[in-house]
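Peer 1: Sharing run07.tsv, TSV, C-alpha atoms:
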chain	number	residue	atom	x	y	z
P	241	MET	CA	5.25	14.28	-43.83
P	242	THR	CA	4.96	10.85	-45.40
P	243	GLN	CA	5.81	10.63	-49.06
P	244	TYR	CA	4.14	8.32	-51.54
P	245	ARG	CA	5.14	7.02	-54.95
P	246	ALA	CA	2.42	6.63	-57.56
P	247	VAL	CA	2.21	3.11	-58.99
P	248	VAL	CA	-0.36	4.29	-61.53
P	249	GLY	CA	-1.46	7.74	-62.60
P	250	VAL	CA	-3.69	9.48	-60.06
P	251	ASP	CA	-5.91	12.55	-60.42
P	252	TYR	CA	-6.70	14.26	-57.14
P	253	PRO	CA	-8.22	17.53	-56.01
P	254	PRO	CA	-7.81	20.33	-56.63
P	255	ASN	CA	-7.09	19.45	-60.25
P	256	LYS	CA	-3.71	17.78	-59.69
P	257	ARG	CA	-2.21	14.75	-61.38
P	258	ILE	CA	0.73	12.46	-60.72
P	259	GLU	CA	2.05	9.84	-63.10
P	260	ALA	CA	3.42	6.41	-62.22
P	261	GLY	CA	6.78	6.82	-60.47
P	262	ASP	CA	6.14	10.38	-59.25
P	263	LEU	CA	6.69	11.18	-55.57
P	264	VAL	CA	3.97	13.13	-53.78
P	265	SER	CA	3.24	14.28	-50.24
P	266	ASP	CA	0.02	16.25	-50.63
P	267	LEU	CA	-2.49	13.52	-51.34
P	268	PRO	CA	-5.79	14.06	-49.54
P	269	GLU	CA	-5.64	12.25	-46.21
P	270	LYS	CA	-8.96	10.50	-46.86
P	271	ASP	CA	-7.57	8.94	-50.04
P	272	VAL	CA	-4.27	7.57	-48.78
P	273	LYS	CA	-5.74	4.47	-47.17
P	274	TRP	CA	-7.67	3.18	-50.19
P	275	LEU	CA	-4.94	4.11	-52.64
P	276	LEU	CA	-2.41	2.19	-50.53
P	277	SER	CA	-4.63	-0.84	-49.97
P	278	SER	CA	-5.46	-1.02	-53.67
P	279	GLY	CA	-1.79	-0.83	-54.60
P	280	PHE	CA	-2.17	2.42	-56.55
P	281	ILE	CA	0.47	4.20	-54.43
P	282	GLU	CA	3.22	3.02	-52.07
P	283	ALA	CA	4.77	4.73	-49.07
P	284	VAL	CA	8.45	5.72	-49.38
P	285	ASP	CA	11.04	6.84	-46.84
P	286	GLY	CA	13.24	9.97	-46.97
P	287	LYS	CA	15.61	8.25	-49.42
P	288	GLY	CA	12.80	7.35	-51.76
P	289	GLU	CA	12.94	3.68	-50.79
P	290	THR	CA	9.68	1.81	-50.57
P	291	ILE	CA	8.56	1.26	-47.01
P	292	THR	CA	7.53	-2.31	-46.59
P	293	PRO	CA	4.50	-2.44	-44.35
P	294	VAL	CA	5.40	-4.04	-41.04
P	295	VAL	CA	3.22	-7.00	-40.43
P	296	GLU	CA	3.16	-7.94	-36.79
P	297	GLU	CA	3.77	-11.60	-36.30
P	298	VAL	CA	0.90	-13.07	-34.42
P	299	LYS	CA	2.24	-15.65	-32.01
P	300	GLU	CA	-0.04	-18.55	-31.75
P	301	GLU	CA	-0.90	-19.24	-28.17
P	302	ILE	CA	-0.22	-22.84	-27.36
P	303	ILE	CA	-2.92	-24.21	-25.20
P	304	GLU	CA	-1.84	-27.26	-23.29
P	305	PRO	CA	-4.55	-29.86	-23.36
P	306	VAL	CA	-6.07	-30.34	-19.94
P	307	VAL	CA	-5.63	-33.97	-18.94
P	308	GLU	CA	-7.84	-34.98	-16.11
P	309	GLU	CA	-5.90	-36.97	-13.61
P	310	SER	CA	-7.65	-40.25	-13.38
P	311	LEU	CA	-7.84	-42.00	-10.10
P	312	VAL	CA	-5.42	-44.86	-9.89
P	313	VAL	CA	-7.10	-47.93	-8.66
P	314	GLU	CA	-4.68	-50.70	-8.01
P	315	GLU	CA	-5.18	-54.06	-9.64
P	316	ASP	CA	-6.38	-55.74	-6.47
P	317	GLY	CA	-9.06	-53.04	-5.94
P	318	PHE	CA	-7.17	-50.88	-3.47
P	319	ASP	CA	-7.95	-47.23	-4.06
P	320	PRO	CA	-5.40	-44.91	-2.43
P	321	ALA	CA	-7.57	-41.88	-3.21
P	322	ALA	CA	-10.78	-43.30	-1.79
P	323	THR	CA	-13.00	-40.91	0.17
P	324	ASP	CA	-15.43	-41.47	3.00
P	325	GLY	CA	-18.58	-40.85	1.00
P	326	ASP	CA	-21.05	-41.97	3.66
P	327	GLY	CA	-19.20	-40.32	6.56
P	328	ASP	CA	-18.97	-43.49	8.62
P	329	GLY	CA	-15.27	-43.02	9.28
P	330	PHE	CA	-14.27	-45.86	6.95
P	331	LEU	CA	-12.98	-46.00	3.38
P	332	GLN	CA	-13.92	-48.63	0.75
P	333	ASP	CA	-16.66	-49.99	2.90
P	334	GLY	CA	-17.42	-53.69	2.51
P	335	THR	CA	-14.24	-54.54	0.60
P	336	ILE	CA	-11.12	-56.31	1.71
P	337	HIS	CA	-9.53	-52.87	1.75
P	338	GLN	CA	-12.05	-51.34	4.20
P	339	ARG	CA	-10.08	-49.19	6.62
P	340	PRO	CA	-10.47	-46.24	8.94
P	341	VAL	CA	-10.23	-42.82	7.26
P	342	GLU	CA	-7.01	-41.94	9.05
P	343	GLU	CA	-5.20	-44.95	7.55
P	344	THR	CA	-3.65	-44.54	4.15
P	345	LYS	CA	-3.08	-48.20	3.50
Z	235	MET	CA	-42.43	0.16	-61.53
Z	236	PRO	CA	-39.70	-1.49	-63.63
Z	237	THR	CA	-38.00	0.55	-66.34
Z	238	PHE	CA	-38.26	-1.22	-69.70
Z	239	ARG	CA	-36.18	-0.52	-72.78
Z	240	HIS	CA	-37.23	-0.29	-76.39
Z	241	GLY	CA	-35.14	-2.35	-78.78
Z	242	ARG	CA	-34.45	0.65	-81.03
Z	243	GLY	CA	-31.74	1.82	-78.63
Z	244	ALA	CA	-29.62	-1.31	-78.98
Z	245	VAL	CA	-25.93	-0.82	-79.66
Z	246	ILE	CA	-23.67	-3.35	-81.39
Z	247	LEU	CA	-20.00	-2.56	-81.78
Z	248	SER	CA	-17.52	-4.90	-83.40
Z	249	ASN	CA	-13.89	-3.80	-83.58
Z	250	GLU	CA	-13.89	-0.26	-85.01
Z	251	TYR	CA	-17.34	-0.66	-86.54
Z	252	ASP	CA	-20.62	0.52	-85.12
Z	253	LEU	CA	-22.94	-2.07	-86.61
Z	254	SER	CA	-26.04	-0.60	-84.98
Z	255	THR	CA	-27.08	1.22	-88.16
Z	256	TYR	CA	-26.93	-1.98	-90.22
Z	257	LEU	CA	-28.58	-4.46	-87.89
Z	258	ASN	CA	-32.21	-4.84	-86.86
Z	259	SER	CA	-31.96	-7.78	-84.51
Z	260	VAL	CA	-29.35	-9.02	-82.08
Z	261	SER	CA	-29.50	-11.59	-79.35
Z	262	VAL	CA	-26.91	-12.61	-76.81
Z	263	SER	CA	-27.20	-15.96	-75.14
Z	264	ASN	CA	-25.34	-17.31	-72.14
Z	265	ALA	CA	-25.58	-20.96	-71.23
Z	266	VAL	CA	-23.80	-23.39	-68.98
Z	267	GLU	CA	-23.34	-27.10	-69.56
Z	268	THR	CA	-24.62	-29.33	-66.79
Z	269	PRO	CA	-23.22	-32.89	-66.99
Z	270	GLU	CA	-25.45	-35.44	-65.31
Z	271	THR	CA	-24.24	-37.18	-62.15
Z	272	THR	CA	-27.26	-39.36	-61.44
Z	273	THR	CA	-26.41	-42.85	-60.15
Z	274	PHE	CA	-28.30	-46.01	-59.18
Z	275	GLY	CA	-30.43	-45.52	-56.10
Z	276	SER	CA	-31.16	-41.89	-56.87
Z	277	THR	CA	-34.77	-40.80	-56.93
Z	278	SER	CA	-34.06	-37.54	-58.75
Z	279	LYS	CA	-31.59	-36.61	-61.44
Z	280	SER	CA	-28.52	-34.66	-60.31
Z	281	PHE	CA	-26.11	-32.45	-62.21
Z	282	ILE	CA	-22.91	-30.47	-61.79
Z	283	THR	CA	-22.09	-27.12	-63.31
Z	284	GLY	CA	-19.63	-27.16	-66.19
Z	285	HIS	CA	-18.38	-24.57	-68.69
Z	286	LYS	CA	-20.24	-21.42	-69.61
Z	287	GLU	CA	-20.80	-20.64	-73.27
Z	288	GLY	CA	-21.79	-17.29	-74.72
Z	289	THR	CA	-23.09	-16.75	-78.23
Z	290	VAL	CA	-24.25	-13.76	-80.25
Z	291	SER	CA	-26.54	-13.90	-83.25
Z	292	PHE	CA	-27.65	-10.99	-85.36
Z	293	GLU	CA	-29.62	-10.02	-88.44
Z	294	GLY	CA	-29.60	-6.90	-90.54
Z	295	LEU	CA	-29.25	-5.28	-93.93
Z	296	TYR	CA	-26.48	-5.82	-96.45
Z	297	GLU	CA	-24.18	-2.96	-97.42
Z	298	SER	CA	-21.11	-3.34	-99.57
Z	299	SER	CA	-19.08	-0.12	-99.31
Z	300	ALA	CA	-15.43	-0.24	-98.33
Z	301	THR	CA	-16.31	0.50	-94.71
Z	302	GLY	CA	-19.67	-1.29	-94.77
Z	303	ILE	CA	-20.87	-4.25	-92.79
Z	304	ASP	CA	-20.13	-6.80	-95.49
Z	305	GLN	CA	-16.43	-5.97	-95.50
Z	306	HIS	CA	-16.22	-6.26	-91.74
Z	307	LEU	CA	-18.21	-9.45	-91.35
Z	308	GLN	CA	-16.25	-11.15	-94.13
Z	309	ALA	CA	-13.02	-10.23	-92.35
Z	310	ALA	CA	-14.39	-11.22	-88.96
Z	311	LEU	CA	-14.72	-14.82	-90.12
Z	312	THR	CA	-10.95	-15.14	-90.12
Z	313	GLY	CA	-10.16	-13.56	-86.78
Z	314	ASN	CA	-11.14	-12.51	-83.33
Z	315	SER	CA	-13.31	-9.40	-82.81
Z	316	VAL	CA	-13.70	-7.08	-79.84
Z	317	MET	CA	-17.47	-6.95	-79.50
Z	318	THR	CA	-19.67	-4.95	-77.17
Z	319	VAL	CA	-23.44	-5.32	-77.26
Z	320	SER	CA	-26.10	-3.45	-75.33
Z	321	GLY	CA	-29.85	-3.78	-75.40
Z	322	ASP	CA	-29.97	-1.25	-72.61
Z	323	GLY	CA	-29.01	1.73	-74.74
Z	324	ALA	CA	-26.06	4.04	-75.06
Z	325	GLY	CA	-26.25	6.06	-71.85
Z	326	VAL	CA	-23.37	6.14	-69.37
Z	327	GLY	CA	-23.98	3.41	-66.80
Z	328	ARG	CA	-26.27	1.38	-69.05
Z	329	ARG	CA	-25.57	-2.35	-69.17
Z	330	ALA	CA	-23.24	-3.68	-71.85
Z	331	ILE	CA	-22.05	-7.18	-72.68
Z	332	LEU	CA	-18.36	-7.58	-73.54
Z	333	LEU	CA	-16.93	-10.50	-75.46
Z	334	SER	CA	-14.02	-11.56	-77.58
Z	335	ALA	CA	-16.02	-12.86	-80.52
Z	336	ASP	CA	-15.09	-15.70	-82.83
Z	337	SER	CA	-17.35	-15.48	-85.84
Z	338	THR	CA	-18.90	-18.82	-86.72
Z	339	SER	CA	-21.20	-17.91	-89.61
Z	340	TYR	CA	-22.09	-15.10	-91.98
Z	341	GLU	CA	-24.98	-15.36	-94.41
Z	342	ILE	CA	-26.22	-13.04	-97.14
Z	343	SER	CA	-29.76	-13.60	-98.39
Z	344	SER	CA	-31.28	-11.94	-101.45
Z	345	PRO	CA	-35.06	-12.47	-101.68
Z	346	LEU	CA	-36.66	-11.46	-104.97
Z	347	THR	CA	-38.89	-8.74	-103.54
Z	348	GLU	CA	-37.06	-7.65	-100.41
Z	349	VAL	CA	-33.90	-5.89	-99.26
Z	350	VAL	CA	-30.73	-7.93	-99.31
Z	351	ALA	CA	-30.21	-9.11	-95.76
Z	352	ILE	CA	-27.40	-10.52	-93.67
Z	353	SER	CA	-27.22	-12.68	-90.58
Z	354	GLY	CA	-24.43	-14.15	-88.56
Z	355	GLU	CA	-23.35	-15.79	-85.37
Z	356	ALA	CA	-20.33	-15.67	-83.11
Z	357	VAL	CA	-19.19	-17.46	-79.99
Z	358	ALA	CA	-17.56	-15.74	-77.03
Z	359	ASP	CA	-13.94	-16.80	-76.68
Z	360	GLY	CA	-13.54	-16.72	-72.90
Z	361	GLY	CA	-17.19	-16.13	-72.10
Z	362	LEU	CA	-19.40	-13.10	-71.71
Z	363	ASP	CA	-18.66	-10.26	-69.31
Z	364	TYR	CA	-21.53	-8.10	-68.10
Z	365	GLY	CA	-20.52	-4.50	-67.55
Z	366	VAL	CA	-21.52	-0.90	-68.15
Z	367	TRP	CA	-20.88	1.87	-70.64
Z	368	LEU	CA	-18.49	4.54	-69.45
Z	369	VAL	CA	-19.05	6.37	-72.72
Z	370	CYS	CA	-20.95	5.29	-75.81
Z	371	GLN	CA	-21.33	6.76	-79.31
Z	372	SER	CA	-19.92	10.05	-78.10
Z	373	ALA	CA	-18.23	12.38	-80.61
Z	374	ILE	CA	-15.64	14.50	-78.83
Z	375	THR	CA	-13.20	17.17	-79.88
Z	376	THR	CA	-11.56	17.91	-76.52
Z	377	THR	CA	-10.70	15.97	-73.38
Z	378	LEU	CA	-13.61	13.92	-72.09
Z	379	THR	CA	-13.78	13.32	-68.35
Z	380	GLY	CA	-16.62	10.85	-68.21
Z	381	THR	CA	-19.55	10.84	-65.86
Z	382	SER	CA	-18.84	8.50	-62.97
Z	383	VAL	CA	-20.68	5.21	-62.60
Z	384	ASP	CA	-21.38	4.02	-59.08
Z	385	GLY	CA	-20.86	0.27	-58.78
Z	386	ALA	CA	-22.27	0.34	-55.22
Z	387	ALA	CA	-19.16	-1.36	-53.83
Z	388	ALA	CA	-15.56	-2.08	-54.67
Z	389	SER	CA	-14.63	-5.47	-56.07
Z	390	SER	CA	-11.45	-7.52	-56.02
Z	391	GLY	CA	-11.59	-9.77	-59.07
Z	392	GLY	CA	-10.26	-7.39	-61.67
Z	393	GLY	CA	-12.14	-6.64	-64.86
Z	394	VAL	CA	-12.13	-6.25	-68.60
Z	395	ALA	CA	-12.38	-3.05	-70.62
Z	396	HIS	CA	-13.28	-2.43	-74.27
Z	397	LEU	CA	-12.41	0.61	-76.36
Z	398	HIS	CA	-13.97	1.23	-79.76
Z	399	ILE	CA	-13.00	4.30	-81.78
Z	400	THR	CA	-15.58	4.18	-84.56
Z	401	ALA	CA	-14.75	7.49	-86.24
Z	402	ASN	CA	-11.62	9.59	-86.03
Z	403	SER	CA	-10.61	12.77	-87.79
Z	404	ASN	CA	-8.44	14.03	-84.95
Z	405	LEU	CA	-5.10	15.37	-86.07
Z	406	GLY	CA	-3.25	14.02	-83.06
Z	407	THR	CA	-2.96	10.84	-81.05
Z	408	THR	CA	-5.48	10.00	-78.35
Z	409	VAL	CA	-5.01	8.51	-74.90
Z	410	ALA	CA	-7.99	6.68	-73.40
Z	411	LYS	CA	-8.21	5.40	-69.83
Z	412	VAL	CA	-10.56	3.78	-67.37
Z	413	GLN	CA	-10.21	5.25	-63.90
Z	414	GLY	CA	-11.48	4.11	-60.51
Z	415	SER	CA	-12.25	5.92	-57.29
Z	416	ALA	CA	-13.34	4.96	-53.81
Z	417	ASN	CA	-15.05	8.29	-53.16
Z	418	ASN	CA	-15.81	9.87	-56.55
Z	419	SER	CA	-13.13	12.48	-55.84
Z	420	THR	CA	-9.61	11.12	-56.34
Z	421	TRP	CA	-9.14	8.88	-59.38
Z	422	ALA	CA	-6.54	6.21	-60.13
Z	423	ASP	CA	-5.82	4.82	-63.61
Z	424	LEU	CA	-7.09	1.25	-63.89
Z	425	VAL	CA	-6.62	0.70	-67.61
Z	426	THR	CA	-4.58	2.79	-70.02
Z	427	PHE	CA	-5.27	1.68	-73.55
Z	428	THR	CA	-2.51	1.72	-76.13
Z	429	THR	CA	-2.31	5.23	-77.55
Z	430	VAL	CA	-4.64	5.64	-80.52
Z	431	GLY	CA	-2.81	6.81	-83.63
Z	432	ILE	CA	-3.62	9.93	-85.62
Z	433	GLY	CA	-6.97	9.45	-87.32
Z	434	ALA	CA	-7.04	5.76	-86.39
Z	435	GLU	CA	-10.30	3.89	-86.07
Z	436	THR	CA	-9.55	0.98	-83.81
Z	437	SER	CA	-10.60	-1.26	-80.95
Z	438	GLN	CA	-8.86	-2.70	-77.92
Z	439	ARG	CA	-9.67	-5.20	-75.22
Z	440	SER	CA	-7.73	-4.96	-71.98
Z	441	THR	CA	-7.96	-6.94	-68.76
Z	442	VAL	CA	-6.95	-5.75	-65.32
Z	443	SER	CA	-6.47	-7.77	-62.14
Z	444	GLY	CA	-6.91	-6.93	-58.49
Z	445	SER	CA	-8.89	-4.24	-56.77
Z	446	ILE	CA	-11.56	-2.29	-58.67
Z	447	PRO	CA	-12.86	0.72	-56.73
Z	448	ARG	CA	-16.53	1.52	-56.31
Z	449	TYR	CA	-16.73	4.34	-58.85
Z	450	LEU	CA	-15.61	4.14	-62.49
Z	451	ARG	CA	-15.22	6.70	-65.24
Z	452	CYS	CA	-13.38	7.18	-68.52
Z	453	LEU	CA	-10.81	9.81	-69.41
Z	454	VAL	CA	-10.15	10.40	-73.09
Z	455	THR	CA	-7.54	12.94	-74.15
Z	456	PRO	CA	-7.11	13.81	-77.82
Z	457	ALA	CA	-3.85	15.60	-78.46
Z	458	SER	CA	-5.07	17.82	-81.26
Z	459	THR	CA	-8.11	19.19	-83.03
Z	460	GLY	CA	-10.69	17.16	-84.86
Z	461	SER	CA	-13.46	14.84	-83.84
Z	462	LEU	CA	-13.45	11.22	-82.74
Z	463	THR	CA	-16.26	8.94	-81.70
Z	464	VAL	CA	-15.50	7.03	-78.53
Z	465	ASN	CA	-17.04	3.99	-76.87
Z	466	ILE	CA	-15.67	2.48	-73.65
Z	467	ALA	CA	-17.24	-0.28	-71.59
Z	468	PHE	CA	-15.99	-1.96	-68.42
Z	469	SER	CA	-17.01	-5.13	-66.67
Z	470	ARG	CA	-16.00	-6.22	-63.18
Z	471	ARG	CA	-15.10	-9.86	-62.70
Using the file provided, produce a representation of the structure as structure tokens.

Peer 2:
Amino acid sequence: MTQYRAVVGVDYPPNKRIEAGDLVSDLPEKDVKWLLSSGFIEAVDGKGETITPVVEEVKEEIIEPVVEESLVVEEDGFDPAATDGDGDGFLQDGTIHQRPVEETK
Amino acid sequence: MPTFRHGRGAVILSNEYDLSTYLNSVSVSNAVETPETTTFGSTSKSFITGHKEGTVSFEGLYESSATGIDQHLQAALTGNSVMTVSGDGAGVGRRAILLSADSTSYEISSPLTEVVAISGEAVADGGLDYGVWLVCQSAITTTLTGTSVDGAAASSGGGVAHLHITANSNLGTTVAKVQGSANNSTWADLVTFTTVGIGAETSQRSTVSGSIPRYLRCLVTPASTGSLTVNIAFSRR
């Protein structure tokens, strides 16, 4: 059974009282939460040492920014990633780099 | 239908004195300064909120006995007073205004055909706090576990409590507390006033920080026989 140390005096049913510093294990279950959160009592271990509430460290998820890979168009207008948009079997139609689809360069 | 109050129920406590039986008018004023921030090009004036300032003014009847109002108001001019004022009456849960009062004036007037009268003013050192009575003008001879006052919700900004013992013939010391509860069942001490000495008429002002539960009550425990008149008010911040 968890023990608690009173930080301030507490009156609790049925007609009981603890003073600051007293150890107690029969506090009404419904009262423990608000008494703890308000700092009016503190939980202690078997040796009477204060149990420090364990606060789980929340690891921040690092979200890598999504960088859209831009198409590299060479300085002279050659586009190695060009597609056959009109389906005529040629890439970069009407430019000096016009070529059959099967050719890469 | 709103519930209105008659002025006859007003309560004015200053230190260990219940001034209610001497005074016939009291007003409490709260104001805030609003420095102007209007600049060229503005079509309307603008302001920002500055400091709050609370004042109390009162009028009443002169009385010169050793424990009368004249003695107290003369002394109050040289020091700070714990003052609690209520136009809402003395019932538990009724509204009360708490202040640390610095007296700024005290006047005695003696008209030829009328009762000698007094008037005075004080400013609130640290502002006004609006709270409730946990007990008011109550003469007790045994432990008083006060009626609880439901504040509707807990608060986290702490508070201020006033204790006025305006009469005391108890043969022992007295411990007075303000307690808080989340469920009106289990109670934790929020404020424990300095133990009141045997037969002492006194006042105390105590502040508390942190969490204030939803319900409040007082607990006053005289150690011996004899009567004492207790007043305790609390204000959340």

Peer 1: Find the residues of chain P in contact range of chain Z, meaning any atom within 8 Å when counting all atoms listed in the file, and list them as a PDB file with C-alpha atoms, in the coordinates of the input.

Peer 2:
ATOM      1  CA  VAL P 248      -0.360   4.290 -61.530  1.00  0.00           C
ATOM      2  CA  GLY P 249      -1.460   7.740 -62.600  1.00  0.00           C
ATOM      3  CA  VAL P 250      -3.690   9.480 -60.060  1.00  0.00           C
ATOM      4  CA  ASP P 251      -5.910  12.550 -60.420  1.00  0.00           C
ATOM      5  CA  TYR P 252      -6.700  14.260 -57.140  1.00  0.00           C
ATOM      6  CA  PRO P 253      -8.220  17.530 -56.010  1.00  0.00           C
ATOM      7  CA  ASP P 271      -7.570   8.940 -50.040  1.00  0.00           C
ATOM      8  CA  TRP P 274      -7.670   3.180 -50.190  1.00  0.00           C
ATOM      9  CA  LEU P 275      -4.940   4.110 -52.640  1.00  0.00           C
ATOM     10  CA  SER P 278      -5.460  -1.020 -53.670  1.00  0.00           C
ATOM     11  CA  PHE P 280      -2.170   2.420 -56.550  1.00  0.00           C
TER      12      PHE P 280
END

Peer 1: Please compute the atom CA of Z:Asp322-atom CA of Z:Arg470 distance, one decimal, in Å.

Peer 2: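 If I compute the distance from atom CA of Z:Asp322 to atom CA of Z:Arg470, I get 17.6 Å.
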
Peer 1: Skip Z:Ile246 itself and residues of its chain fewer than 5 positions away, then list as a PyMOL selection string all residues within 9 Å of it, counting all atoms listed in the file.

Peer 2: chain Z and resi 251-255+257+260+317-321

Peer 1: Pull the neighbourhood of (9.5, 11.6, -60.2) for me: all residues within 12 Å in file coordinates, counting only C-alpha atoms, as a short mmCIF file (atom, residue, chain, number, x, y, z; two decimals) with C-alpha atoms, in the frame of the given file.

Peer 2:
data_model
loop_
_atom_site.label_atom_id
_atom_site.label_comp_id
_atom_site.auth_asym_id
_atom_site.auth_seq_id
_atom_site.Cartn_x
_atom_site.Cartn_y
_atom_site.Cartn_z
CA GLN P 243 5.81 10.63 -49.06
CA TYR P 244 4.14 8.32 -51.54
CA ARG P 245 5.14 7.02 -54.95
CA ALA P 246 2.42 6.63 -57.56
CA VAL P 247 2.21 3.11 -58.99
CA GLY P 249 -1.46 7.74 -62.60
CA ILE P 258 0.73 12.46 -60.72
CA GLU P 259 2.05 9.84 -63.10
CA ALA P 260 3.42 6.41 -62.22
CA GLY P 261 6.78 6.82 -60.47
CA ASP P 262 6.14 10.38 -59.25
CA LEU P 263 6.69 11.18 -55.57
CA VAL P 264 3.97 13.13 -53.78
CA GLY P 288 12.80 7.35 -51.76
#

Peer 1: Any idea what the distance is between atom CA of Z:Leu332 and atom CA of Z:Val394?

Peer 2: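 Calculated distance between atom CA of Z:Leu332 and atom CA of Z:Val394 is 8.1 Å.
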
Peer 1: How many Å separate atom CA of Z:Gly325 from atom CA of Z:Val464?

Peer 2: 12.7 Å

Peer 1: Show me, as a list in words, the residues that have an atom within 9 Å of Z:Ser280 when counting all atoms listed in the file, minus same-chain residues fewer than 6 positions from it.

Peer 2: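 So, after excluding close chain neighbours, the residues are Pro269, Glu270, Thr271, Thr272 and Thr273 of chain Z.
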
Peer 1: Please determine an axis-aligned box that encloses all atoms of stretch 282-297 of chain Z listed in the file, with 8 Å added on each side, and express its centre and edge lengths in Å to one decimal as lines of an AutoDock Vina configuration file.

Peer 2:
center_x = -24.0
center_y = -16.7
center_z = -79.6
size_x = 27.2
size_y = 43.5
size_z = 51.6

Peer 1: Write out as a list in words each polymer residue whose atoms come within 10 Å of P:Leu331, counting all atoms listed in the file; drop sequence neighbours fewer than 2 positions from it.

Peer 2: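 Here the answer would be Asp319, Pro320, Ala321, Ala322, Thr323, Asp324, Gly325, Asp326, Gly327, Asp328, Gly329, Asp333, Gly334, Thr335, His337, Gln338, Arg339, Pro340, Val341, Glu342, Glu343 and Thr344 of chain P.
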
Peer 1: Which residues are near Z:Ala386? Cut-off 10 Å, all atoms listed in the file, ignore same chain within fewer than 2 positions. Put them as an MDAnalysis selection string.

Peer 2: chainID Z and resid 383:384 388:389 447:449

Peer 1: I'd like to know which of Z:Val316, Z:Leu368, Z:Leu295, Z:Ile374 is closest to Z:Glu341, using only C-alpha atoms.

Peer 2: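 Ranking Z:Val316, Z:Leu368, Z:Leu295, Z:Ile374 by distance to Z:Glu341, first place goes to Z:Leu295.
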
Peer 1: Kindly complete stretch 338-342 of chain P to all heavy atoms; the output should be written as a PDB file, keeping the file's coordinate frame.

Peer 2:
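Ended up saving to part03.pdb:
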ATOM      1  N   GLN P 338     -11.368 -52.272   3.280  1.00  0.00           N
ATOM      2  CA  GLN P 338     -12.050 -51.340   4.200  1.00  0.00           C
ATOM      3  C   GLN P 338     -11.079 -50.988   5.320  1.00  0.00           C
ATOM      4  O   GLN P 338     -10.405 -51.854   5.874  1.00  0.00           O
ATOM      5  CB  GLN P 338     -13.307 -51.997   4.773  1.00  0.00           C
ATOM      6  CG  GLN P 338     -14.043 -51.080   5.738  1.00  0.00           C
ATOM      7  CD  GLN P 338     -15.372 -51.673   6.177  1.00  0.00           C
ATOM      8  OE1 GLN P 338     -16.073 -52.325   5.402  1.00  0.00           O
ATOM      9  NE2 GLN P 338     -15.694 -51.485   7.448  1.00  0.00           N
ATOM     10  N   ARG P 339     -11.032 -49.668   5.618  1.00  0.00           N
ATOM     11  CA  ARG P 339     -10.080 -49.190   6.620  1.00  0.00           C
ATOM     12  C   ARG P 339     -10.563 -47.872   7.179  1.00  0.00           C
ATOM     13  O   ARG P 339     -11.331 -47.155   6.518  1.00  0.00           O
ATOM     14  CB  ARG P 339      -8.683 -49.031   6.010  1.00  0.00           C
ATOM     15  CG  ARG P 339      -8.654 -48.045   4.850  1.00  0.00           C
ATOM     16  CD  ARG P 339      -7.380 -48.190   4.041  1.00  0.00           C
ATOM     17  NE  ARG P 339      -7.263 -47.167   2.992  1.00  0.00           N
ATOM     18  CZ  ARG P 339      -7.862 -47.244   1.804  1.00  0.00           C
ATOM     19  NH1 ARG P 339      -8.640 -48.282   1.501  1.00  0.00           N
ATOM     20  NH2 ARG P 339      -7.680 -46.270   0.940  1.00  0.00           N
ATOM     21  N   PRO P 340     -10.110 -47.535   8.361  1.00  0.00           N
ATOM     22  CA  PRO P 340     -10.470 -46.240   8.940  1.00  0.00           C
ATOM     23  C   PRO P 340      -9.925 -45.100   8.055  1.00  0.00           C
ATOM     24  O   PRO P 340      -8.914 -45.271   7.366  1.00  0.00           O
ATOM     25  CB  PRO P 340      -9.773 -46.235  10.303  1.00  0.00           C
ATOM     26  CG  PRO P 340      -9.519 -47.665  10.610  1.00  0.00           C
ATOM     27  CD  PRO P 340      -9.304 -48.350   9.304  1.00  0.00           C
ATOM     28  N   VAL P 341     -10.609 -43.969   8.108  1.00  0.00           N
ATOM     29  CA  VAL P 341     -10.230 -42.820   7.260  1.00  0.00           C
ATOM     30  C   VAL P 341      -8.788 -42.412   7.489  1.00  0.00           C
ATOM     31  O   VAL P 341      -8.075 -42.073   6.528  1.00  0.00           O
ATOM     32  CB  VAL P 341     -11.174 -41.625   7.539  1.00  0.00           C
ATOM     33  CG1 VAL P 341     -10.682 -40.367   6.824  1.00  0.00           C
ATOM     34  CG2 VAL P 341     -12.579 -41.945   7.065  1.00  0.00           C
ATOM     35  N   GLU P 342      -8.357 -42.446   8.738  1.00  0.00           N
ATOM     36  CA  GLU P 342      -7.010 -41.940   9.050  1.00  0.00           C
ATOM     37  C   GLU P 342      -5.908 -42.823   8.474  1.00  0.00           C
ATOM     38  O   GLU P 342      -4.781 -42.378   8.296  1.00  0.00           O
ATOM     39  CB  GLU P 342      -6.813 -41.728  10.559  1.00  0.00           C
ATOM     40  CG  GLU P 342      -7.054 -42.934  11.418  1.00  0.00           C
ATOM     41  CD  GLU P 342      -8.510 -43.052  11.858  1.00  0.00           C
ATOM     42  OE1 GLU P 342      -9.390 -42.405  11.251  1.00  0.00           O
ATOM     43  OE2 GLU P 342      -8.775 -43.795  12.796  1.00  0.00           O
TER      44      GLU P 342
END
